[in-house]
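Trainee: Attaching a single structure in structure tokens format; questions to follow.
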Amino acid sequence: MLTIERYVTLYGRLASEVGAGAAAEASLKQIAEVLYCTERNAKLVLRKLSEEGYIEWKAGRGRGNRSQITFREDREKLLLNLSRQYDDPGFGRMYLFI
């Protein structure tokens, strides 16, 4: 699964009500269930999404403190930009060189 796919999946399940830019509460267990993976792998996915600038993740410390995830980009805008990138004629030529 690509990073963008994971972002869109998480956004759809966790941020569809609050939208981009607002913090949504989620546990690591919930994120692992959404991504159909282990909690350890979910941590790796969150770290990668955070490093690439898609999300901001604040882990809840201690009992009863829920973690917060903030999605930095709106899902529809991200998908529109991605589709425009794939539609670019130069993208196909670049793919041939790889």
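As shown in the structure tokens, the chain order sets the letters A, B, ...; within each chain, residues go from 1, and ligands are also counted from 1 in the order they appear.
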Write out as a PyMOL selection string which residues come within 9 Å of Thr70 in chain A when counting only C-alpha atoms, dropping same-chain ones fewer than 2 positions away.

Mentor: chain A and resi 15+20-25+54-58+68+72

Trainee: Deliver the residues from the most recent selection as a file, using C-alpha atoms, as an mmCIF file, in the first residue's frame.

Mentor:
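So the final result, stored in result27.cif, reads:
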```
data_model
loop_
_atom_site.group_PDB
_atom_site.id
_atom_site.type_symbol
_atom_site.label_atom_id
_atom_site.label_comp_id
_atom_site.auth_asym_id
_atom_site.auth_seq_id
_atom_site.Cartn_x
_atom_site.Cartn_y
_atom_site.Cartn_z
ATOM 1 C CA ALA A 15 -11.065 12.927 9.807
ATOM 2 C CA ALA A 20 -8.069 18.761 7.458
ATOM 3 C CA GLY A 21 -6.262 20.951 9.938
ATOM 4 C CA ALA A 22 -8.314 19.853 12.964
ATOM 5 C CA ALA A 23 -7.027 17.294 15.454
ATOM 6 C CA ALA A 24 -8.904 14.003 15.686
ATOM 7 C CA GLU A 25 -8.529 11.645 18.627
ATOM 8 C CA TYR A 54 1.010 14.569 5.585
ATOM 9 C CA ILE A 55 0.073 14.366 9.264
ATOM 10 C CA GLU A 56 1.026 15.561 12.700
ATOM 11 C CA TRP A 57 0.910 12.813 15.338
ATOM 12 C CA LYS A 58 0.900 13.508 19.069
ATOM 13 C CA GLN A 68 -4.209 13.090 18.396
ATOM 14 C CA ARG A 72 -2.532 18.604 7.031
#
```

Trainee: Could you go through chain A and tell me which residues DSSP, when run on the backbone, assigns to alpha helix (DSSP H), listing them as an MDAnalysis selection string?

Mentor: chainID A and resid 3:10 28:35 39:51 75:87 89:97

Trainee: Go ahead and save the residues from that selection, with N, CA and C atoms, as a compact mmCIF listing (two decimals), in the first residue's frame.

Mentor:
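Once written, selection.txt looks like this:
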```txt
# COMPACT_ATOMS: atom_id res chain seq x y z
N THR A 3 1.95 5.27 0.46
CA THR A 3 1.77 6.24 1.54
C THR A 3 0.49 7.04 1.34
N ILE A 4 0.22 7.45 0.10
CA ILE A 4 -0.98 8.24 -0.17
C ILE A 4 -2.24 7.42 0.10
N GLU A 5 -2.20 6.14 -0.26
CA GLU A 5 -3.35 5.28 0.00
C GLU A 5 -3.63 5.18 1.50
N ARG A 6 -2.57 5.05 2.28
CA ARG A 6 -2.73 4.98 3.73
C ARG A 6 -3.30 6.29 4.27
N TYR A 7 -2.82 7.41 3.75
CA TYR A 7 -3.31 8.71 4.18
C TYR A 7 -4.81 8.83 3.88
N VAL A 8 -5.21 8.47 2.68
CA VAL A 8 -6.62 8.58 2.27
C VAL A 8 -7.49 7.65 3.12
N THR A 9 -6.99 6.45 3.40
CA THR A 9 -7.74 5.51 4.22
C THR A 9 -7.93 6.05 5.63
N LEU A 10 -6.86 6.53 6.23
CA LEU A 10 -6.96 7.10 7.58
C LEU A 10 -7.86 8.33 7.61
N LEU A 28 -3.74 4.06 18.94
CA LEU A 28 -2.89 3.28 18.04
C LEU A 28 -3.61 2.00 17.61
N LYS A 29 -4.41 1.46 18.50
CA LYS A 29 -5.19 0.26 18.18
C LYS A 29 -6.19 0.55 17.07
N GLN A 30 -6.87 1.71 17.13
CA GLN A 30 -7.83 2.09 16.08
C GLN A 30 -7.13 2.24 14.74
N ILE A 31 -5.97 2.88 14.75
CA ILE A 31 -5.23 3.11 13.51
C ILE A 31 -4.79 1.77 12.91
N ALA A 32 -4.34 0.86 13.76
CA ALA A 32 -3.94 -0.47 13.29
C ALA A 32 -5.12 -1.21 12.67
N GLU A 33 -6.31 -1.07 13.27
CA GLU A 33 -7.50 -1.71 12.72
C GLU A 33 -7.89 -1.12 11.37
N VAL A 34 -7.79 0.19 11.25
CA VAL A 34 -8.14 0.86 9.99
C VAL A 34 -7.20 0.41 8.86
N LEU A 35 -5.91 0.27 9.18
CA LEU A 35 -4.92 -0.10 8.18
C LEU A 35 -4.74 -1.61 8.04
N GLU A 39 0.00 -3.04 15.57
CA GLU A 39 0.26 -1.73 16.17
C GLU A 39 1.69 -1.28 15.89
N ARG A 40 2.61 -2.23 15.85
CA ARG A 40 4.00 -1.88 15.55
C ARG A 40 4.13 -1.30 14.14
N ASN A 41 3.48 -1.95 13.17
CA ASN A 41 3.52 -1.44 11.80
C ASN A 41 2.78 -0.11 11.69
N ALA A 42 1.70 0.05 12.47
CA ALA A 42 0.97 1.32 12.46
C ALA A 42 1.87 2.46 12.92
N LYS A 43 2.73 2.20 13.90
CA LYS A 43 3.68 3.23 14.35
C LYS A 43 4.63 3.62 13.22
N LEU A 44 5.09 2.62 12.47
CA LEU A 44 5.98 2.91 11.34
C LEU A 44 5.28 3.73 10.27
N VAL A 45 4.03 3.40 9.99
CA VAL A 45 3.24 4.14 9.00
C VAL A 45 3.05 5.58 9.47
N LEU A 46 2.71 5.76 10.73
CA LEU A 46 2.51 7.11 11.27
C LEU A 46 3.80 7.92 11.20
N ARG A 47 4.91 7.29 11.50
CA ARG A 47 6.20 7.98 11.43
C ARG A 47 6.49 8.42 9.99
N LYS A 48 6.22 7.53 9.03
CA LYS A 48 6.47 7.87 7.62
C LYS A 48 5.55 8.99 7.15
N LEU A 49 4.27 8.92 7.50
CA LEU A 49 3.34 9.98 7.12
C LEU A 49 3.74 11.31 7.74
N SER A 50 4.23 11.25 8.96
CA SER A 50 4.66 12.47 9.64
C SER A 50 5.93 13.04 9.00
N GLU A 51 6.88 12.18 8.67
CA GLU A 51 8.11 12.63 8.03
C GLU A 51 7.86 13.25 6.66
N ARG A 75 -8.32 15.66 1.69
CA ARG A 75 -8.26 14.45 0.87
C ARG A 75 -8.56 14.73 -0.59
N GLU A 76 -9.60 15.50 -0.87
CA GLU A 76 -9.99 15.76 -2.25
C GLU A 76 -8.92 16.55 -3.00
N LYS A 77 -8.33 17.54 -2.33
CA LYS A 77 -7.27 18.33 -2.97
C LYS A 77 -6.05 17.48 -3.26
N LEU A 78 -5.72 16.62 -2.32
CA LEU A 78 -4.57 15.73 -2.51
C LEU A 78 -4.79 14.80 -3.69
N LEU A 79 -5.97 14.20 -3.78
CA LEU A 79 -6.26 13.29 -4.89
C LEU A 79 -6.32 14.02 -6.22
N LEU A 80 -6.84 15.24 -6.22
CA LEU A 80 -6.88 16.03 -7.45
C LEU A 80 -5.47 16.36 -7.93
N ASN A 81 -4.60 16.77 -7.01
CA ASN A 81 -3.22 17.07 -7.39
C ASN A 81 -2.50 15.81 -7.88
N LEU A 82 -2.76 14.69 -7.25
CA LEU A 82 -2.14 13.44 -7.67
C LEU A 82 -2.62 13.03 -9.06
N SER A 83 -3.91 13.18 -9.34
CA SER A 83 -4.42 12.83 -10.66
C SER A 83 -3.86 13.77 -11.73
N ARG A 84 -3.67 15.03 -11.40
CA ARG A 84 -3.06 15.96 -12.35
C ARG A 84 -1.61 15.59 -12.62
N GLN A 85 -0.92 15.14 -11.59
CA GLN A 85 0.47 14.72 -11.75
C GLN A 85 0.56 13.51 -12.68
N TYR A 86 -0.34 12.54 -12.51
CA TYR A 86 -0.33 11.36 -13.37
C TYR A 86 -0.79 11.68 -14.78
N ASP A 87 -1.59 12.73 -14.95
CA ASP A 87 -2.08 13.12 -16.26
C ASP A 87 -1.04 13.90 -17.04
N PRO A 89 1.88 14.81 -19.29
CA PRO A 89 2.56 14.03 -20.32
C PRO A 89 4.01 13.70 -19.97
N GLY A 90 4.67 14.57 -19.25
CA GLY A 90 6.05 14.32 -18.85
C GLY A 90 6.18 13.18 -17.86
N PHE A 91 5.12 12.91 -17.13
CA PHE A 91 5.15 11.83 -16.14
C PHE A 91 5.34 10.48 -16.82
N GLY A 92 4.68 10.27 -17.95
CA GLY A 92 4.80 9.01 -18.68
C GLY A 92 6.19 8.81 -19.23
N ARG A 93 6.79 9.88 -19.74
CA ARG A 93 8.16 9.78 -20.25
C ARG A 93 9.14 9.50 -19.14
N MET A 94 8.91 10.10 -17.99
CA MET A 94 9.78 9.88 -16.85
C MET A 94 9.70 8.41 -16.41
N TYR A 95 8.51 7.84 -16.48
CA TYR A 95 8.29 6.46 -16.08
C TYR A 95 9.07 5.50 -16.98
N LEU A 96 9.20 5.84 -18.27
CA LEU A 96 9.92 4.98 -19.21
C LEU A 96 11.41 4.90 -18.87
N PHE A 97 11.96 5.94 -18.27
CA PHE A 97 13.38 5.95 -17.92
C PHE A 97 13.66 5.15 -16.66
```

Trainee: With DSSP run on the backbone, what are the strand (DSSP E or B) residues within chain A? I'd like them as a list in words.

Mentor: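 Of chain A, the ones in strand (DSSP E or B) are Ala23, Ala24, Glu25, Ile55, Glu56, Trp57, Lys58, Gln68, Ile69, Thr70 and Phe71 of chain A.
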
Trainee: Could you tell me how far CA of Gly62 in chain A lies from CA of Arg13 in chain A, in Å and to one decimal?

Mentor: 24.6 Å

Trainee: Just to confirm, what's the straight-line distance from CA of Thr38 in chain A to CA of Asn65 in chain A in Å (one decimal)?

Mentor: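 Distance reported for this atom pair: 20.9 Å.
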